[in-house]
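Chemist: Take a look at this one; I'll ask things after.
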There are 4 protein chains.
Amino acid sequence: MSLTYEQAHRALEAAVSKAAEIGSPSSIAVLDAGRELMAFARHERALLASVEISQGKAYAACSMQMPSGELGPLSQPGAPFFGLETTQRRPFVTFGGGQPLQIGGEFAGAVGVAGGTIDQDEEVAAAAVSSVAGT
Amino acid sequence: MSLTYEQAHRALEAAVSKAAEIGSPSSIAVLDAGRELMAFARHERALLASVEISQGKAYAACSMQMPSGELGPLSQPGAPFFGLETTQRRPFVTFGGGQPLQIGGEFAGAVGVAGGTIDQDEEVAAAAVSSVAGT
Amino acid sequence: MSLTYEQAHRALEAAVSKAAEIGSPSSIAVLDAGRELMAFARHERALLASVEISQGKAYAACSMQMPSGELGPLSQPGAPFFGLETTQRRPFVTFGGGQPLQIGGEFAGAVGVAGGTIDQDEEVAAAAVSSVAGT
Amino acid sequence: MSLTYEQAHRALEAAVSKAAEIGSPSSIAVLDAGRELMAFARHERALLASVEISQGKAYAACSMQMPSGELGPLSQPGAPFFGLETTQRRPFVTFGGGQPLQIGGEFAGAVGVAGGTIDQDEEVAAAAVSSVAGT
């Protein structure tokens with residue numbers, strides 16, 4: 001199962017609203033279950049690095065069906081998945097702000113957020129997760 | 001001058017509506033004047049190739065401040081810019097569906113559309129162009 | 001807001017003069033706010049590695065709107081942005097010598113310097129920063 | 001033999017002045033005899049594609065010690081060097097605007113200009129060539 005455009009759009013809009021509410025100029029990317037981009041928005045004041053980092057967080061969350069921030073500790077030197085971030089074809093970001101998206105309890109894609117602090121990015125991503133969870 | 005998020009969003013929504021109206025499942029990308037992604041939407045039935053092609057058309061239109069479809073004839077064997085598509089750092093698409101975006105007559109970014117026929121992609125891109133021209 | 005050519009040129013010349021004054025054969029790159037090259041100079045005795053490193057420091061400083069040298073500690077194993085340097089499309093250098101450029105207090109691009117010690121590179125970059133700050 | 005920084009700078013400034021004189025917002029790149037960047041300037045109104053194209057013309061002119069515009073006919077389908085532009089590690093541009101630089105009759109590097117028409121780019125490049133020929 002994978003996101004429809006309507007679901008991806010709803011997740012994006014929920015994240016855009018949350019980013020505005022907390023004053024964090026962000027890039028937000030939504031990927032389908034096949035790791036391909038479905039929806040993206042960037043505020044004109046977001047750091048340019050956030051274009052790639054938001055997609056990289058979503059890509060990691062989608063690749064592993066785990067929050068990107070849980071992958072960081074697992075991929076440190078000495079940890080079980082050391083070097084994980086270098087194994088995929090696209091930038092794979094292992095710090096917080098990427099979340100799998102579930103529809104009715106089933107994996108359906110991922111969202112990635114960058115531009116704020118990691119706490120802010122996590123909060124914006126959580127808004128996207130909630131917006132589609134019950135659809 | 002470059003697009004604000006609101007302008008990029010308006011251009012994207014105009015294109016999404018036009019694509020739905022003409023029944024062409026599309027990827028649509030809007031780049032700012034510096035060639036960075038600002039807004040993106042892909043219908044779940046759009047060809048996966050359209051993810052990169054839409055961005056590549058917008059990238060070409062933004063790089064040269066010309067419609068992507070005009071770059072094709074100019075970069076053919078024997079034409080003045082033979083090989084142009086190999087000169088840039090990202091995929092650079094020289095067939096129709098990419099258009100510069102102007103705000104009040106001034107270059108401000110570009111839109112790229114892929115997924116339909118070239119005529120359909122051009123029609124969807126034109127809707128984005130019109131939506132922001134007078135803002 | 002982004003640098004004009006005149007501002008980029010002034011920043012470059014200030015850095016070239018400082019590098020000569022302290023006897024550090026350098027590469028110096030100035031990027032606009034969109035991370036594209038605007039001005040570059042390399043002394044004929046500068047290490048060849050400095051061509052890419054200077055641009056990579058400016059690219060990092062521009063991407064994150066922070067000095068490149070502050071990004072090093074943040075992207076180490078165990079630090080919040082572990083792996084940051086792998087997330088962008090171009091070489092992204094996280095040691096000292098890259099600085100954002102501000103014009104009248106607003107971010108407008110970045111300078112990157114390589115070829116000397118990190119202290120020398122930082123001193124040369126600082127000359128560029130000062131030269132445009134009040135313009 | 002290769003350009004000194006002073007010579008590269010003189011060639012760049014001659015080209016910048018000519019581009020201003022003829023009203024062609026340009027990117028101008030000067031490479032040393034080893035094909036590495038020594039000096040670069042871009043007007044803030046130059047097309048972004050010109051960043052890479054100017055360097056690609058200089059790279060081609062430097063690689064072959066010939067004007068880039070002479071390489072176009074030689075690399076067409078059916079011509080002796082078909083595919084030449086794909087053989088090097090960096091973008092290699094085979095249309096006009098790149099010229100070898102000679103100092104006292106000896107090859108010492110190259111200049112590449114992009115942003116205008118091919119005639120304008122050639123005129124700007126010629127100013128760089130003349131400025132260093134007799135030094």
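For the structure tokens, the naming scheme is as follows: chains receive sequential letters (A, B, ...) according to their order of presentation, residues are indexed from 1 within each chain, and ligands are indexed from 1 in presentation order.
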Pull the alpha helix (DSSP H) assignments for stretch 7-114 of chain C out of DSSP run on the backbone, and list those residues as a ChimeraX atom specification.
Modeler: /C:7-21,49-64,68-74
Chemist: Using the selection just defined, write its residues with N, CA, C and O atoms as a short mmCIF file (atom, residue, chain, number, x, y, z; two decimals), in the first residue's frame.
Modeler:
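See out_39.cif below for the written result:
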```cif
data_model
loop_
_atom_site.label_atom_id
_atom_site.label_comp_id
_atom_site.auth_asym_id
_atom_site.auth_seq_id
_atom_site.Cartn_x
_atom_site.Cartn_y
_atom_site.Cartn_z
N GLN C 7 29.81 43.58 -5.01
CA GLN C 7 30.04 43.15 -3.62
C GLN C 7 30.89 41.88 -3.57
O GLN C 7 31.79 41.76 -2.73
N ALA C 8 30.60 40.94 -4.45
CA ALA C 8 31.39 39.71 -4.49
C ALA C 8 32.85 40.02 -4.82
O ALA C 8 33.78 39.45 -4.23
N HIS C 9 33.03 40.95 -5.74
CA HIS C 9 34.38 41.35 -6.17
C HIS C 9 35.12 42.02 -5.01
O HIS C 9 36.30 41.75 -4.78
N ARG C 10 34.40 42.87 -4.28
CA ARG C 10 35.04 43.55 -3.14
C ARG C 10 35.47 42.53 -2.08
O ARG C 10 36.58 42.60 -1.54
N ALA C 11 34.60 41.57 -1.80
CA ALA C 11 34.93 40.53 -0.81
C ALA C 11 36.15 39.73 -1.27
O ALA C 11 37.06 39.44 -0.49
N LEU C 12 36.17 39.39 -2.56
CA LEU C 12 37.30 38.63 -3.09
C LEU C 12 38.60 39.41 -2.98
O LEU C 12 39.63 38.87 -2.54
N GLU C 13 38.56 40.67 -3.37
CA GLU C 13 39.79 41.47 -3.36
C GLU C 13 40.32 41.66 -1.93
O GLU C 13 41.53 41.66 -1.71
N ALA C 14 39.40 41.84 -0.99
CA ALA C 14 39.82 41.98 0.42
C ALA C 14 40.53 40.70 0.88
O ALA C 14 41.55 40.76 1.58
N ALA C 15 40.00 39.57 0.46
CA ALA C 15 40.61 38.30 0.86
C ALA C 15 41.95 38.09 0.15
O ALA C 15 42.92 37.63 0.77
N VAL C 16 42.02 38.41 -1.12
CA VAL C 16 43.28 38.28 -1.87
C VAL C 16 44.37 39.14 -1.22
O VAL C 16 45.51 38.68 -1.04
N SER C 17 44.01 40.35 -0.81
CA SER C 17 45.00 41.24 -0.18
C SER C 17 45.47 40.68 1.16
O SER C 17 46.66 40.71 1.47
N LYS C 18 44.53 40.20 1.94
CA LYS C 18 44.89 39.64 3.25
C LYS C 18 45.78 38.41 3.08
O LYS C 18 46.78 38.24 3.81
N ALA C 19 45.46 37.56 2.11
CA ALA C 19 46.28 36.36 1.89
C ALA C 19 47.71 36.75 1.51
O ALA C 19 48.68 36.12 1.97
N ALA C 20 47.84 37.78 0.69
CA ALA C 20 49.18 38.25 0.31
C ALA C 20 49.91 38.82 1.53
O ALA C 20 51.09 38.53 1.76
N GLU C 21 49.18 39.58 2.31
CA GLU C 21 49.78 40.24 3.49
C GLU C 21 50.34 39.21 4.47
O GLU C 21 51.42 39.41 5.03
N ALA C 49 44.44 21.14 -4.12
CA ALA C 49 43.25 20.73 -3.34
C ALA C 49 42.41 21.93 -2.94
O ALA C 49 41.20 21.81 -2.71
N SER C 50 43.04 23.08 -2.86
CA SER C 50 42.31 24.26 -2.38
C SER C 50 41.25 24.74 -3.35
O SER C 50 40.32 25.45 -2.95
N VAL C 51 41.34 24.36 -4.61
CA VAL C 51 40.30 24.77 -5.58
C VAL C 51 38.94 24.26 -5.11
O VAL C 51 37.96 25.02 -5.03
N GLU C 52 38.87 22.99 -4.80
CA GLU C 52 37.60 22.39 -4.37
C GLU C 52 37.29 22.69 -2.90
O GLU C 52 36.13 22.87 -2.53
N ILE C 53 38.32 22.71 -2.08
CA ILE C 53 38.07 22.91 -0.65
C ILE C 53 37.52 24.30 -0.38
O ILE C 53 36.60 24.48 0.43
N SER C 54 38.07 25.31 -1.06
CA SER C 54 37.56 26.66 -0.83
C SER C 54 36.08 26.75 -1.21
O SER C 54 35.26 27.33 -0.49
N GLN C 55 35.74 26.16 -2.34
CA GLN C 55 34.34 26.18 -2.77
C GLN C 55 33.47 25.35 -1.83
O GLN C 55 32.32 25.71 -1.55
N GLY C 56 34.01 24.25 -1.34
CA GLY C 56 33.25 23.40 -0.42
C GLY C 56 32.99 24.06 0.93
O GLY C 56 31.95 23.83 1.55
N LYS C 57 33.94 24.86 1.39
CA LYS C 57 33.72 25.61 2.64
C LYS C 57 32.65 26.68 2.43
O LYS C 57 31.79 26.87 3.29
N ALA C 58 32.73 27.38 1.31
CA ALA C 58 31.72 28.40 1.04
C ALA C 58 30.35 27.75 0.86
O ALA C 58 29.33 28.28 1.32
N TYR C 59 30.33 26.60 0.22
CA TYR C 59 29.06 25.89 -0.02
C TYR C 59 28.42 25.48 1.31
O TYR C 59 27.20 25.61 1.51
N ALA C 60 29.24 24.98 2.23
CA ALA C 60 28.71 24.59 3.55
C ALA C 60 28.19 25.81 4.31
O ALA C 60 27.10 25.79 4.88
N ALA C 61 28.98 26.87 4.29
CA ALA C 61 28.58 28.08 5.02
C ALA C 61 27.30 28.67 4.45
O ALA C 61 26.46 29.22 5.17
N CYS C 62 27.15 28.54 3.15
CA CYS C 62 25.97 29.08 2.46
C CYS C 62 24.75 28.18 2.71
O CYS C 62 23.64 28.67 2.89
N SER C 63 24.97 26.89 2.72
CA SER C 63 23.88 25.93 2.89
C SER C 63 23.25 26.04 4.28
O SER C 63 22.04 25.86 4.44
N MET C 64 24.10 26.29 5.28
CA MET C 64 23.64 26.28 6.67
C MET C 64 23.62 27.69 7.29
O MET C 64 23.20 27.84 8.43
N SER C 68 31.75 27.41 8.43
CA SER C 68 32.02 25.99 8.16
C SER C 68 32.68 25.31 9.36
O SER C 68 32.41 24.14 9.64
N GLY C 69 33.52 26.05 10.07
CA GLY C 69 34.25 25.46 11.20
C GLY C 69 33.34 25.07 12.36
O GLY C 69 33.70 24.23 13.18
N GLU C 70 32.15 25.65 12.44
CA GLU C 70 31.20 25.25 13.50
C GLU C 70 30.47 23.97 13.13
O GLU C 70 29.86 23.32 13.98
N LEU C 71 30.50 23.64 11.84
CA LEU C 71 29.79 22.44 11.40
C LEU C 71 30.58 21.17 11.69
O LEU C 71 30.00 20.09 11.80
N GLY C 72 31.90 21.31 11.81
CA GLY C 72 32.73 20.13 12.09
C GLY C 72 32.31 19.42 13.37
O GLY C 72 31.94 18.23 13.34
N PRO C 73 32.32 20.12 14.51
CA PRO C 73 31.93 19.45 15.76
C PRO C 73 30.50 18.91 15.72
O PRO C 73 30.21 17.87 16.33
N LEU C 74 29.61 19.59 14.99
CA LEU C 74 28.20 19.17 14.96
C LEU C 74 27.98 17.91 14.12
O LEU C 74 26.93 17.27 14.22
#
```
Chemist: Using only C-alpha atoms, find which residues of chain C lie within 6 Å of chain D and jot them down as number ranges by chain.
Modeler: C: 4-5, 38-44
Chemist: Kindly export the residues of the current selection with N, CA, C and O atoms, as an mmCIF file, in the first residue's frame.
Modeler:
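Result went into again_23.cif, see below:
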```cif
data_model
loop_
_atom_site.group_PDB
_atom_site.id
_atom_site.type_symbol
_atom_site.label_atom_id
_atom_site.label_comp_id
_atom_site.auth_asym_id
_atom_site.auth_seq_id
_atom_site.Cartn_x
_atom_site.Cartn_y
_atom_site.Cartn_z
ATOM 1 N N THR C 4 25.628 41.391 -5.162
ATOM 2 C CA THR C 4 25.888 41.860 -6.523
ATOM 3 C C THR C 4 27.310 41.444 -6.908
ATOM 4 O O THR C 4 28.124 41.084 -6.046
ATOM 5 N N TYR C 5 27.609 41.560 -8.202
ATOM 6 C CA TYR C 5 28.971 41.277 -8.618
ATOM 7 C C TYR C 5 29.949 42.210 -7.922
ATOM 8 O O TYR C 5 31.032 41.792 -7.486
ATOM 9 N N MET C 38 30.260 33.191 -7.725
ATOM 10 C CA MET C 38 30.252 34.549 -8.273
ATOM 11 C C MET C 38 31.659 35.069 -8.530
ATOM 12 O O MET C 38 31.858 35.861 -9.438
ATOM 13 N N ALA C 39 32.616 34.694 -7.693
ATOM 14 C CA ALA C 39 33.974 35.218 -7.848
ATOM 15 C C ALA C 39 34.947 34.217 -7.255
ATOM 16 O O ALA C 39 34.644 33.588 -6.223
ATOM 17 N N PHE C 40 36.099 34.097 -7.898
ATOM 18 C CA PHE C 40 37.088 33.113 -7.461
ATOM 19 C C PHE C 40 38.472 33.603 -7.835
ATOM 20 O O PHE C 40 38.673 34.188 -8.906
ATOM 21 N N ALA C 41 39.442 33.353 -6.950
ATOM 22 C CA ALA C 41 40.845 33.635 -7.252
ATOM 23 C C ALA C 41 41.708 32.562 -6.603
ATOM 24 O O ALA C 41 41.433 32.134 -5.482
ATOM 25 N N ARG C 42 42.739 32.150 -7.319
ATOM 26 C CA ARG C 42 43.714 31.196 -6.754
ATOM 27 C C ARG C 42 45.112 31.661 -7.082
ATOM 28 O O ARG C 42 45.428 31.940 -8.242
ATOM 29 N N HIS C 43 45.937 31.735 -6.052
ATOM 30 C CA HIS C 43 47.336 32.071 -6.267
ATOM 31 C C HIS C 43 48.020 30.876 -6.935
ATOM 32 O O HIS C 43 47.686 29.737 -6.649
ATOM 33 N N GLU C 44 48.983 31.156 -7.809
ATOM 34 C CA GLU C 44 49.613 30.053 -8.563
ATOM 35 C C GLU C 44 50.394 29.097 -7.652
ATOM 36 O O GLU C 44 50.689 27.979 -8.063
#
```
Chemist: Would you return as JSON, numbers by chain the members of chain D that DSSP assigns to strand (DSSP E or B) on this structure's backbone?
Modeler: {"D": [27, 28, 29, 30, 31, 32, 37, 38, 39, 40, 41, 42, 98, 99, 100, 101, 102, 103, 106, 107, 108, 109, 110, 111, 112, 113, 114]}
Chemist: Here is a test: counting only C-alpha atoms, which residue of B:Ser75, B:Gly109, B:Pro80, B:Ala127 is nearest to B:Phe92?
Modeler: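 Between B:Ser75, B:Gly109, B:Pro80, B:Ala127, the residue approaching B:Phe92 most closely is B:Ser75.
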